[in-house]
>>> print(open('coords-v7.pdb').read())   # PDB, C-alpha atoms
ATOM      1  CA  MET B 814       0.000   0.000   0.000  1.00  0.00           C
ATOM      2  CA  THR B 815       1.390   3.318  -0.957  1.00  0.00           C
ATOM      3  CA  GLY B 816       0.902   6.597   0.842  1.00  0.00           C
ATOM      4  CA  PRO B 817      -0.925   9.595  -0.534  1.00  0.00           C
ATOM      5  CA  GLU B 818       0.794  11.084  -3.580  1.00  0.00           C
ATOM      6  CA  PHE B 819       2.115  14.608  -3.058  1.00  0.00           C
ATOM      7  CA  VAL B 820       1.571  16.951  -5.975  1.00  0.00           C
ATOM      8  CA  ARG B 821       3.612  20.189  -5.890  1.00  0.00           C
ATOM      9  CA  LYS B 822       1.829  23.136  -7.339  1.00  0.00           C
ATOM     10  CA  ASN B 823       3.806  25.704  -9.323  1.00  0.00           C
ATOM     11  CA  ASN B 824       3.818  29.122  -7.792  1.00  0.00           C
ATOM     12  CA  LEU B 825       2.778  32.168  -9.757  1.00  0.00           C
ATOM     13  CA  LEU B 826       6.325  33.089 -10.876  1.00  0.00           C
ATOM     14  CA  GLU B 827       6.981  29.610 -12.197  1.00  0.00           C
ATOM     15  CA  LYS B 828       3.696  29.652 -14.084  1.00  0.00           C
ATOM     16  CA  VAL B 829       4.547  32.986 -15.677  1.00  0.00           C
ATOM     17  CA  VAL B 830       8.066  31.875 -16.693  1.00  0.00           C
ATOM     18  CA  ALA B 831       6.678  28.687 -18.176  1.00  0.00           C
ATOM     19  CA  SER B 832       4.201  30.625 -20.278  1.00  0.00           C
ATOM     20  CA  ARG B 833       4.913  31.005 -24.001  1.00  0.00           C
ATOM     21  CA  LEU B 834       3.189  34.366 -23.897  1.00  0.00           C
ATOM     22  CA  PHE B 835       5.743  35.598 -21.345  1.00  0.00           C
ATOM     23  CA  TRP B 836       8.683  34.706 -23.563  1.00  0.00           C
ATOM     24  CA  LEU B 837       7.009  36.254 -26.601  1.00  0.00           C
ATOM     25  CA  PHE B 838       6.518  39.485 -24.659  1.00  0.00           C
ATOM     26  CA  PHE B 839      10.103  39.292 -23.391  1.00  0.00           C
ATOM     27  CA  LEU B 840      11.539  38.972 -26.896  1.00  0.00           C
ATOM     28  CA  VAL B 841       9.377  41.758 -28.332  1.00  0.00           C
ATOM     29  CA  ALA B 842      10.287  44.092 -25.472  1.00  0.00           C
ATOM     30  CA  GLY B 843      13.967  43.265 -25.817  1.00  0.00           C
ATOM     31  CA  PHE B 844      13.973  44.274 -29.471  1.00  0.00           C
ATOM     32  CA  THR B 845      11.690  47.295 -29.289  1.00  0.00           C
ATOM     33  CA  TYR B 846      13.073  49.046 -26.188  1.00  0.00           C
ATOM     34  CA  PRO B 847      16.414  50.008 -27.764  1.00  0.00           C
ATOM     35  CA  ILE B 848      14.539  51.307 -30.807  1.00  0.00           C
ATOM     36  CA  TYR B 849      12.211  53.308 -28.562  1.00  0.00           C
ATOM     37  CA  ARG B 850      15.168  54.807 -26.717  1.00  0.00           C
ATOM     38  CA  SER B 851      16.957  55.770 -29.921  1.00  0.00           C
ATOM     39  CA  LEU B 852      13.831  57.428 -31.342  1.00  0.00           C
ATOM     40  CA  ASN B 853      13.178  59.360 -28.139  1.00  0.00           C
ATOM     41  CA  ARG B 854      16.781  60.237 -27.310  1.00  0.00           C
ATOM     42  CA  ILE B 855      17.357  63.930 -26.752  1.00  0.00           C
ATOM     43  CA  LEU B 856      20.116  64.966 -29.134  1.00  0.00           C
ATOM     44  CA  PRO B 857      22.464  67.818 -28.229  1.00  0.00           C
ATOM     45  CA  PRO B 858      21.589  71.147 -29.849  1.00  0.00           C
ATOM     46  CA  GLU B 859      23.192  72.101 -33.136  1.00  0.00           C
ATOM     47  CA  LEU B 860      26.404  74.048 -32.934  1.00  0.00           C
ATOM     48  CA  PRO B 861      25.953  77.793 -33.409  1.00  0.00           C
ATOM     49  CA  ILE B 862      26.864  79.468 -36.669  1.00  0.00           C
ATOM     50  CA  ILE B 863      29.318  82.125 -35.552  1.00  0.00           C
ATOM     51  CA  ALA B 864      30.544  83.518 -38.866  1.00  0.00           C
ATOM     52  CA  HIS B 865      30.596  82.911 -42.597  1.00  0.00           C
ATOM     53  CA  VAL B 866      34.143  82.753 -43.962  1.00  0.00           C
ATOM     54  CA  PRO B 867      34.364  84.372 -47.413  1.00  0.00           C
ATOM     55  CA  ASP B 868      35.814  82.450 -50.332  1.00  0.00           C
ATOM     56  CA  TYR B 869      39.583  82.573 -50.442  1.00  0.00           C
ATOM     57  CA  THR B 870      42.491  81.160 -52.414  1.00  0.00           C
ATOM     58  CA  LEU B 871      45.982  81.023 -50.936  1.00  0.00           C
ATOM     59  CA  ILE B 872      49.138  79.026 -51.675  1.00  0.00           C
ATOM     60  CA  SER B 873      49.828  75.591 -50.225  1.00  0.00           C
ATOM     61  CA  GLU B 874      53.148  74.220 -49.043  1.00  0.00           C
ATOM     62  CA  ASN B 875      53.416  72.606 -52.479  1.00  0.00           C
ATOM     63  CA  GLY B 876      53.338  75.995 -54.181  1.00  0.00           C
ATOM     64  CA  THR B 877      49.889  75.392 -55.691  1.00  0.00           C
ATOM     65  CA  PRO B 878      46.655  77.389 -55.242  1.00  0.00           C
ATOM     66  CA  PHE B 879      44.453  76.068 -52.445  1.00  0.00           C
ATOM     67  CA  GLY B 880      41.406  77.545 -50.771  1.00  0.00           C
ATOM     68  CA  SER B 881      37.814  77.321 -49.725  1.00  0.00           C
ATOM     69  CA  LYS B 882      36.699  75.642 -52.968  1.00  0.00           C
ATOM     70  CA  ASP B 883      39.078  72.757 -52.264  1.00  0.00           C
ATOM     71  CA  LEU B 884      37.545  72.386 -48.790  1.00  0.00           C
ATOM     72  CA  LYS B 885      33.895  72.551 -49.849  1.00  0.00           C
ATOM     73  CA  GLY B 886      31.897  69.805 -48.190  1.00  0.00           C
ATOM     74  CA  ARG B 887      34.676  69.019 -45.705  1.00  0.00           C
ATOM     75  CA  ILE B 888      34.828  69.971 -42.070  1.00  0.00           C
ATOM     76  CA  TYR B 889      38.146  71.566 -41.301  1.00  0.00           C
ATOM     77  CA  LEU B 890      40.133  72.679 -38.282  1.00  0.00           C
ATOM     78  CA  ALA B 891      41.880  76.005 -38.865  1.00  0.00           C
ATOM     79  CA  ASN B 892      44.855  77.111 -36.789  1.00  0.00           C
ATOM     80  CA  PHE B 893      47.329  79.968 -37.035  1.00  0.00           C
ATOM     81  CA  ILE B 894      51.105  79.845 -36.561  1.00  0.00           C
ATOM     82  CA  PHE B 895      54.413  81.088 -37.944  1.00  0.00           C
ATOM     83  CA  THR B 896      57.575  79.063 -38.285  1.00  0.00           C
ATOM     84  CA  ARG B 897      59.836  81.578 -36.535  1.00  0.00           C
ATOM     85  CA  CYS B 898      57.577  81.545 -33.462  1.00  0.00           C
ATOM     86  CA  PRO B 899      59.829  80.704 -30.491  1.00  0.00           C
ATOM     87  CA  SER B 900      57.175  79.878 -27.913  1.00  0.00           C
ATOM     88  CA  VAL B 901      53.602  78.698 -28.336  1.00  0.00           C
ATOM     89  CA  CYS B 902      53.553  77.594 -31.991  1.00  0.00           C
ATOM     90  CA  PRO B 903      55.680  74.434 -31.600  1.00  0.00           C
ATOM     91  CA  LYS B 904      53.414  73.301 -28.760  1.00  0.00           C
ATOM     92  CA  MET B 905      50.332  73.994 -30.862  1.00  0.00           C
ATOM     93  CA  LEU B 906      51.744  72.024 -33.786  1.00  0.00           C
ATOM     94  CA  THR B 907      52.485  69.076 -31.504  1.00  0.00           C
ATOM     95  CA  GLU B 908      48.819  69.037 -30.470  1.00  0.00           C
ATOM     96  CA  ILE B 909      47.735  69.281 -34.111  1.00  0.00           C
ATOM     97  CA  GLU B 910      49.856  66.211 -34.842  1.00  0.00           C
ATOM     98  CA  LYS B 911      47.874  64.337 -32.187  1.00  0.00           C
ATOM     99  CA  ILE B 912      44.603  65.604 -33.617  1.00  0.00           C
ATOM    100  CA  GLN B 913      45.647  64.404 -37.074  1.00  0.00           C
ATOM    101  CA  LYS B 914      45.883  60.884 -35.652  1.00  0.00           C
ATOM    102  CA  ARG B 915      42.487  61.201 -33.968  1.00  0.00           C
ATOM    103  CA  VAL B 916      40.682  62.189 -37.191  1.00  0.00           C
ATOM    104  CA  LYS B 917      42.362  59.433 -39.195  1.00  0.00           C
ATOM    105  CA  GLY B 918      39.230  57.278 -39.153  1.00  0.00           C
ATOM    106  CA  THR B 919      37.055  59.985 -40.720  1.00  0.00           C
ATOM    107  CA  GLY B 920      38.519  59.494 -44.196  1.00  0.00           C
ATOM    108  CA  GLN B 921      38.183  62.635 -46.305  1.00  0.00           C
ATOM    109  CA  LYS B 922      35.442  64.177 -44.161  1.00  0.00           C
ATOM    110  CA  VAL B 923      37.806  66.191 -41.962  1.00  0.00           C
ATOM    111  CA  ALA B 924      40.769  68.364 -42.938  1.00  0.00           C
ATOM    112  CA  ILE B 925      43.312  70.388 -40.996  1.00  0.00           C
ATOM    113  CA  VAL B 926      44.468  73.747 -42.351  1.00  0.00           C
ATOM    114  CA  THR B 927      47.373  75.655 -40.825  1.00  0.00           C
ATOM    115  CA  PHE B 928      47.553  79.309 -41.855  1.00  0.00           C
ATOM    116  CA  THR B 929      50.759  81.263 -41.448  1.00  0.00           C
ATOM    117  CA  VAL B 930      50.638  84.748 -39.948  1.00  0.00           C
ATOM    118  CA  ASP B 931      54.120  85.484 -41.338  1.00  0.00           C
ATOM    119  CA  PRO B 932      53.780  85.069 -45.118  1.00  0.00           C
ATOM    120  CA  ASP B 933      56.813  87.290 -45.776  1.00  0.00           C
ATOM    121  CA  PHE B 934      59.053  84.579 -44.359  1.00  0.00           C
ATOM    122  CA  ASP B 935      56.867  81.456 -44.503  1.00  0.00           C
ATOM    123  CA  LYS B 936      57.109  80.801 -48.203  1.00  0.00           C
ATOM    124  CA  PRO B 937      55.858  77.467 -49.620  1.00  0.00           C
ATOM    125  CA  ASN B 938      59.273  75.813 -49.310  1.00  0.00           C
ATOM    126  CA  VAL B 939      59.482  76.778 -45.624  1.00  0.00           C
ATOM    127  CA  LEU B 940      56.014  75.378 -44.966  1.00  0.00           C
ATOM    128  CA  PHE B 941      56.869  72.267 -46.985  1.00  0.00           C
ATOM    129  CA  ASP B 942      59.799  71.561 -44.679  1.00  0.00           C
ATOM    130  CA  LEU B 943      57.548  72.143 -41.657  1.00  0.00           C
ATOM    131  CA  ALA B 944      54.916  69.773 -43.037  1.00  0.00           C
ATOM    132  CA  ARG B 945      57.472  67.000 -43.498  1.00  0.00           C
ATOM    133  CA  LYS B 946      58.907  67.634 -40.031  1.00  0.00           C
ATOM    134  CA  ARG B 947      55.428  67.338 -38.528  1.00  0.00           C
ATOM    135  CA  LYS B 948      54.594  64.205 -40.555  1.00  0.00           C
ATOM    136  CA  ALA B 949      51.601  65.921 -42.105  1.00  0.00           C
ATOM    137  CA  ASN B 950      49.382  63.694 -44.214  1.00  0.00           C
ATOM    138  CA  PRO B 951      48.985  65.729 -47.445  1.00  0.00           C
ATOM    139  CA  TYR B 952      45.430  64.414 -47.877  1.00  0.00           C
ATOM    140  CA  VAL B 953      44.435  65.753 -44.460  1.00  0.00           C
ATOM    141  CA  TRP B 954      46.746  68.535 -43.314  1.00  0.00           C
ATOM    142  CA  THR B 955      47.521  71.557 -45.513  1.00  0.00           C
ATOM    143  CA  PHE B 956      49.727  74.569 -44.774  1.00  0.00           C
ATOM    144  CA  LEU B 957      48.817  77.892 -46.384  1.00  0.00           C
ATOM    145  CA  THR B 958      50.641  81.107 -47.121  1.00  0.00           C
ATOM    146  CA  GLY B 959      50.083  83.961 -49.573  1.00  0.00           C
ATOM    147  CA  ASP B 960      51.511  86.950 -51.382  1.00  0.00           C
ATOM    148  CA  ASN B 961      49.373  89.648 -49.782  1.00  0.00           C
ATOM    149  CA  LYS B 962      49.717  89.837 -46.008  1.00  0.00           C
ATOM    150  CA  ASP B 963      47.086  92.567 -45.627  1.00  0.00           C
ATOM    151  CA  GLU B 964      44.452  90.458 -47.388  1.00  0.00           C
ATOM    152  CA  MET B 965      45.402  87.413 -45.356  1.00  0.00           C
ATOM    153  CA  PHE B 966      45.109  89.329 -42.084  1.00  0.00           C
ATOM    154  CA  LYS B 967      41.729  90.679 -43.196  1.00  0.00           C
ATOM    155  CA  LEU B 968      40.600  87.097 -43.875  1.00  0.00           C
ATOM    156  CA  TYR B 969      41.715  86.015 -40.421  1.00  0.00           C
ATOM    157  CA  ARG B 970      40.096  88.938 -38.625  1.00  0.00           C
ATOM    158  CA  ASP B 971      36.885  89.375 -40.617  1.00  0.00           C
ATOM    159  CA  GLY B 972      36.366  85.808 -41.825  1.00  0.00           C
ATOM    160  CA  PHE B 973      37.575  83.498 -39.067  1.00  0.00           C
ATOM    161  CA  LYS B 974      37.082  86.193 -36.404  1.00  0.00           C
ATOM    162  CA  VAL B 975      40.494  85.679 -34.829  1.00  0.00           C
ATOM    163  CA  GLY B 976      42.984  88.292 -33.776  1.00  0.00           C
ATOM    164  CA  VAL B 977      46.333  88.885 -35.450  1.00  0.00           C
ATOM    165  CA  GLU B 978      48.718  91.821 -35.058  1.00  0.00           C
ATOM    166  CA  HIS B 979      52.153  92.357 -36.578  1.00  0.00           C
ATOM    167  CA  ASP B 980      54.484  94.858 -34.926  1.00  0.00           C
ATOM    168  CA  PRO B 981      56.310  96.656 -37.791  1.00  0.00           C
ATOM    169  CA  LYS B 982      59.143  97.543 -35.407  1.00  0.00           C
ATOM    170  CA  ASN B 983      59.779  93.915 -34.529  1.00  0.00           C
ATOM    171  CA  LEU B 984      59.335  91.390 -37.323  1.00  0.00           C
ATOM    172  CA  MET B 985      59.475  88.528 -34.828  1.00  0.00           C
ATOM    173  CA  ASP B 986      56.632  89.933 -32.749  1.00  0.00           C
ATOM    174  CA  ILE B 987      53.373  88.623 -34.205  1.00  0.00           C
ATOM    175  CA  ALA B 988      50.399  88.333 -31.892  1.00  0.00           C
ATOM    176  CA  HIS B 989      47.954  85.750 -33.184  1.00  0.00           C
ATOM    177  CA  SER B 990      45.115  83.484 -32.147  1.00  0.00           C
ATOM    178  CA  GLU B 991      45.947  80.439 -30.051  1.00  0.00           C
ATOM    179  CA  LYS B 992      42.617  78.774 -30.818  1.00  0.00           C
ATOM    180  CA  ILE B 993      41.503  76.019 -33.154  1.00  0.00           C
ATOM    181  CA  VAL B 994      38.613  77.172 -35.317  1.00  0.00           C
ATOM    182  CA  LEU B 995      36.029  74.550 -36.298  1.00  0.00           C
ATOM    183  CA  VAL B 996      34.646  75.247 -39.776  1.00  0.00           C
ATOM    184  CA  ASP B 997      31.869  73.204 -41.380  1.00  0.00           C
ATOM    185  CA  GLY B 998      31.483  72.013 -44.967  1.00  0.00           C
ATOM    186  CA  SER B 999      29.772  75.262 -45.941  1.00  0.00           C
ATOM    187  CA  ASN B1000      32.718  77.373 -44.724  1.00  0.00           C
ATOM    188  CA  ARG B1001      30.968  78.551 -41.572  1.00  0.00           C
ATOM    189  CA  VAL B1002      32.682  78.935 -38.213  1.00  0.00           C
ATOM    190  CA  ARG B1003      31.028  76.669 -35.629  1.00  0.00           C
ATOM    191  CA  GLY B1004      33.329  76.891 -32.618  1.00  0.00           C
ATOM    192  CA  TYR B1005      36.640  77.889 -31.016  1.00  0.00           C
ATOM    193  CA  TYR B1006      38.788  75.562 -28.923  1.00  0.00           C
ATOM    194  CA  ALA B1007      41.878  75.977 -26.779  1.00  0.00           C
ATOM    195  CA  PHE B1008      44.946  73.781 -27.056  1.00  0.00           C
ATOM    196  CA  GLU B1009      44.057  72.006 -23.823  1.00  0.00           C
ATOM    197  CA  GLU B1010      42.971  68.408 -23.308  1.00  0.00           C
ATOM    198  CA  HIS B1011      39.382  69.028 -22.222  1.00  0.00           C
ATOM    199  CA  SER B1012      38.832  71.591 -24.989  1.00  0.00           C
ATOM    200  CA  ILE B1013      40.316  69.329 -27.669  1.00  0.00           C
ATOM    201  CA  ASN B1014      38.115  66.463 -26.442  1.00  0.00           C
ATOM    202  CA  LYS B1015      35.113  68.780 -26.829  1.00  0.00           C
ATOM    203  CA  LEU B1016      36.329  69.617 -30.338  1.00  0.00           C
ATOM    204  CA  MET B1017      36.389  65.924 -31.259  1.00  0.00           C
ATOM    205  CA  ILE B1018      32.824  65.526 -29.996  1.00  0.00           C
ATOM    206  CA  ASP B1019      31.672  68.529 -32.027  1.00  0.00           C
ATOM    207  CA  VAL B1020      33.438  67.224 -35.133  1.00  0.00           C
ATOM    208  CA  GLY B1021      31.455  64.008 -34.709  1.00  0.00           C
ATOM    209  CA  LEU B1022      28.221  65.989 -34.414  1.00  0.00           C
ATOM    210  CA  LEU B1023      28.920  67.817 -37.675  1.00  0.00           C
ATOM    211  CA  ILE B1024      29.805  64.569 -39.455  1.00  0.00           C
ATOM    212  CA  ASN B1025      26.713  62.711 -38.312  1.00  0.00           C
ATOM    213  CA  ARG B1026      24.208  65.532 -38.388  1.00  0.00           C
ATOM    214  CA  PRO B1027      24.932  68.259 -40.934  1.00  0.00           C
ATOM    215  CA  SER B1028      23.369  71.563 -39.995  1.00  0.00           C
ATOM    216  CA  THR B1029      20.078  72.608 -41.567  1.00  0.00           C
ATOM    217  CA  LYS B1030      20.656  76.212 -40.558  1.00  0.00           C
ATOM    218  CA  GLU B1031      21.601  78.844 -43.084  1.00  0.00           C
TER     219      GLU B1031
END
>>> encode(input="coords-v7.pdb", output="structure tokens")
Amino acid sequence: MTGPEFVRKNNLLEKVVASRLFWLFFLVAGFTYPIYRSLNRILPPELPIIAHVPDYTLISENGTPFGSKDLKGRIYLANFIFTRCPSVCPKMLTEIEKIQKRVKGTGQKVAIVTFTVDPDFDKPNVLFDLARKRKANPYVWTFLTGDNKDEMFKLYRDGFKVGVEHDPKNLMDIAHSEKIVLVDGSNRVRGYYAFEEHSINKLMIDVGLLINRPSTKE
């Protein structure tokens, strides 16, 4: 004779887990929640349009004309130096070298343009030597000079909205911007960044924003 048979009843949680409907709901929720989050994610605001840089044509380190038409559709990082600068310029160029490595994965979407503020001395051959010294990728990083210093300074001041002053009594004394200027594919200034780690990191974020979400503003 056998004793009474004990039948264990599943609790509510076990019944739910065993339900096909539960697993169907689980799978649907797992796929749709990430989509919901992406559709309802609050994107950062568009970068401001600070200035419109007029069309320009200067001379590259290769001795060939180069300007805004060659940069159309590309985001570029403008910076201002001169080769005889004894203090801040070498440090700035070292940071630009690092930035060149960081934008390597963007292909042809991002360019770097270094403008001289001493075109009387920084002729194409001088800039060519600087470019080789700094291991500049010619498809990414271009150095520009020109024949008319007054027009170049006007472009810097009125177009890029950066300061530059040349003391006629001291040819080695050239005050110039120590900022990186972020310019979009329509030749519009979108931001200014210091040569400091946190500011350069912010620049990289903003470059990504311009790549992935071109501005609709005019």
>>> atom_distance(input="coords-v7.pdb", atom1="atom CA of B:Asn1000", atom2="atom CA of B:Gly976")
18.6 Å
>>> resolve_selection(input="coords-v7.pdb", expression="the PyMOL selection byres ((chain B and resi 991) around 10)", output="PyMOL selection string")
chain B and resi 892-894+901-902+905+975-976+988-990+992-994+1005-1008
>>> closest_residue(input="coords-v7.pdb", among="B:Thr919, B:Gln913, B:Thr929, B:Ser881", to="B:Ala949", atoms="only C-alpha atoms")
B:Gln913
>>> residues_around(input="coords-v7.pdb", residues="B:Val1020", least_positions_apart="2", cutoff="9 Å", atoms="only C-alpha atoms", output="PDB file with C-alpha atoms, keeping the file's coordinate frame")
ATOM      1  CA  ILE B 888      34.828  69.971 -42.070  1.00  0.00           C
ATOM      2  CA  TYR B 889      38.146  71.566 -41.301  1.00  0.00           C
ATOM      3  CA  VAL B 923      37.806  66.191 -41.962  1.00  0.00           C
ATOM      4  CA  LEU B 995      36.029  74.550 -36.298  1.00  0.00           C
ATOM      5  CA  ASP B 997      31.869  73.204 -41.380  1.00  0.00           C
ATOM      6  CA  LYS B1015      35.113  68.780 -26.829  1.00  0.00           C
ATOM      7  CA  LEU B1016      36.329  69.617 -30.338  1.00  0.00           C
ATOM      8  CA  MET B1017      36.389  65.924 -31.259  1.00  0.00           C
ATOM      9  CA  ILE B1018      32.824  65.526 -29.996  1.00  0.00           C
ATOM     10  CA  LEU B1022      28.221  65.989 -34.414  1.00  0.00           C
ATOM     11  CA  LEU B1023      28.920  67.817 -37.675  1.00  0.00           C
ATOM     12  CA  ILE B1024      29.805  64.569 -39.455  1.00  0.00           C
ATOM     13  CA  ASN B1025      26.713  62.711 -38.312  1.00  0.00           C
TER      14      ASN B1025
END
>>> atom_distance(input="coords-v7.pdb", atom1="atom CA of B:Pro932", atom2="atom CA of B:Ala944")
15.5 Å
>>> resolve_selection(input="coords-v7.pdb", expression="the PyMOL selection byres ((chain B and resi 950) around 12)", output="PyMOL selection string")
chain B and resi 909-910+912-914+916-917+920-921+924-926+941+944-949+951-956
>>> atom_distance(input="coords-v7.pdb", atom1="atom CA of B:Arg887", atom2="atom CA of B:Val996")
8.6 Å
>>> closest_residue(input="coords-v7.pdb", among="B:Lys962, B:His1011, B:Arg897, B:Lys911", to="B:Leu943", atoms="only C-alpha atoms")
B:Arg897
>>> closest_residue(input="coords-v7.pdb", among="B:Glu908, B:Asp963, B:Asp971, B:Asp933", to="B:Val866", atoms="all atoms listed in the file")
B:Asp971
>>> closest_residue(input="coords-v7.pdb", among="B:Pro867, B:Gly1021, B:Pro878, B:Gly886", to="B:Gly918", atoms="all atoms listed in the file")
B:Gly1021
>>> closest_residue(input="coords-v7.pdb", among="B:Arg915, B:Val977, B:Asp942, B:Ser900", to="B:Val930", atoms="all atoms listed in the file")
B:Val977
>>> closest_residue(input="coords-v7.pdb", among="B:Ala891, B:Pro899, B:Glu859, B:Thr958", to="B:Asn875", atoms="all atoms listed in the file")
B:Thr958
>>> resolve_selection(input="coords-v7.pdb", expression="the PyMOL selection byres ((chain B and resi 871) around 8)", output="PyMOL selection string")
chain B and resi 869-870+872-873+878-880+957-959
>>> residues_around(input="coords-v7.pdb", residues="B:Ile862", least_positions_apart="4", cutoff="7 Å", atoms="only C-alpha atoms", output="ChimeraX atom specification")
/B:1001-1003
>>> build_atoms(input="coords-v7.pdb", residues="stretch 948-961 of chain B", atoms="N, CA and C atoms", output="PDB file, in the coordinates of the input")
ATOM      1  N   LYS B 948      55.210  65.428 -40.025  1.00  0.00           N
ATOM      2  CA  LYS B 948      54.594  64.205 -40.555  1.00  0.00           C
ATOM      3  C   LYS B 948      53.143  64.443 -40.979  1.00  0.00           C
ATOM      4  N   ALA B 949      52.947  65.566 -41.657  1.00  0.00           N
ATOM      5  CA  ALA B 949      51.601  65.921 -42.105  1.00  0.00           C
ATOM      6  C   ALA B 949      51.163  65.041 -43.263  1.00  0.00           C
ATOM      7  N   ASN B 950      49.977  64.450 -43.121  1.00  0.00           N
ATOM      8  CA  ASN B 950      49.382  63.694 -44.214  1.00  0.00           C
ATOM      9  C   ASN B 950      48.854  64.692 -45.244  1.00  0.00           C
ATOM     10  N   PRO B 951      49.390  64.708 -46.464  1.00  0.00           N
ATOM     11  CA  PRO B 951      48.985  65.729 -47.445  1.00  0.00           C
ATOM     12  C   PRO B 951      47.517  65.661 -47.840  1.00  0.00           C
ATOM     13  N   TYR B 952      46.856  64.532 -47.570  1.00  0.00           N
ATOM     14  CA  TYR B 952      45.430  64.414 -47.877  1.00  0.00           C
ATOM     15  C   TYR B 952      44.560  64.972 -46.756  1.00  0.00           C
ATOM     16  N   VAL B 953      45.179  65.262 -45.622  1.00  0.00           N
ATOM     17  CA  VAL B 953      44.435  65.753 -44.460  1.00  0.00           C
ATOM     18  C   VAL B 953      44.891  67.143 -44.038  1.00  0.00           C
ATOM     19  N   TRP B 954      46.189  67.333 -43.932  1.00  0.00           N
ATOM     20  CA  TRP B 954      46.746  68.535 -43.314  1.00  0.00           C
ATOM     21  C   TRP B 954      47.444  69.388 -44.360  1.00  0.00           C
ATOM     22  N   THR B 955      46.972  70.628 -44.534  1.00  0.00           N
ATOM     23  CA  THR B 955      47.521  71.557 -45.513  1.00  0.00           C
ATOM     24  C   THR B 955      48.041  72.813 -44.815  1.00  0.00           C
ATOM     25  N   PHE B 956      49.151  73.333 -45.302  1.00  0.00           N
ATOM     26  CA  PHE B 956      49.727  74.569 -44.774  1.00  0.00           C
ATOM     27  C   PHE B 956      49.578  75.659 -45.832  1.00  0.00           C
ATOM     28  N   LEU B 957      49.120  76.839 -45.417  1.00  0.00           N
ATOM     29  CA  LEU B 957      48.817  77.892 -46.384  1.00  0.00           C
ATOM     30  C   LEU B 957      49.566  79.185 -46.104  1.00  0.00           C
ATOM     31  N   THR B 958      50.026  79.793 -47.169  1.00  0.00           N
ATOM     32  CA  THR B 958      50.641  81.107 -47.121  1.00  0.00           C
ATOM     33  C   THR B 958      50.051  81.936 -48.261  1.00  0.00           C
ATOM     34  N   GLY B 959      50.615  83.116 -48.506  1.00  0.00           N
ATOM     35  CA  GLY B 959      50.083  83.961 -49.573  1.00  0.00           C
ATOM     36  C   GLY B 959      51.045  85.077 -49.914  1.00  0.00           C
ATOM     37  N   ASP B 960      50.662  85.855 -50.922  1.00  0.00           N
ATOM     38  CA  ASP B 960      51.511  86.950 -51.382  1.00  0.00           C
ATOM     39  C   ASP B 960      51.089  88.302 -50.815  1.00  0.00           C
ATOM     40  N   ASN B 961      49.880  88.370 -50.277  1.00  0.00           N
ATOM     41  CA  ASN B 961      49.373  89.648 -49.782  1.00  0.00           C
ATOM     42  C   ASN B 961      49.020  89.514 -48.297  1.00  0.00           C
TER      43      ASN B 961
END
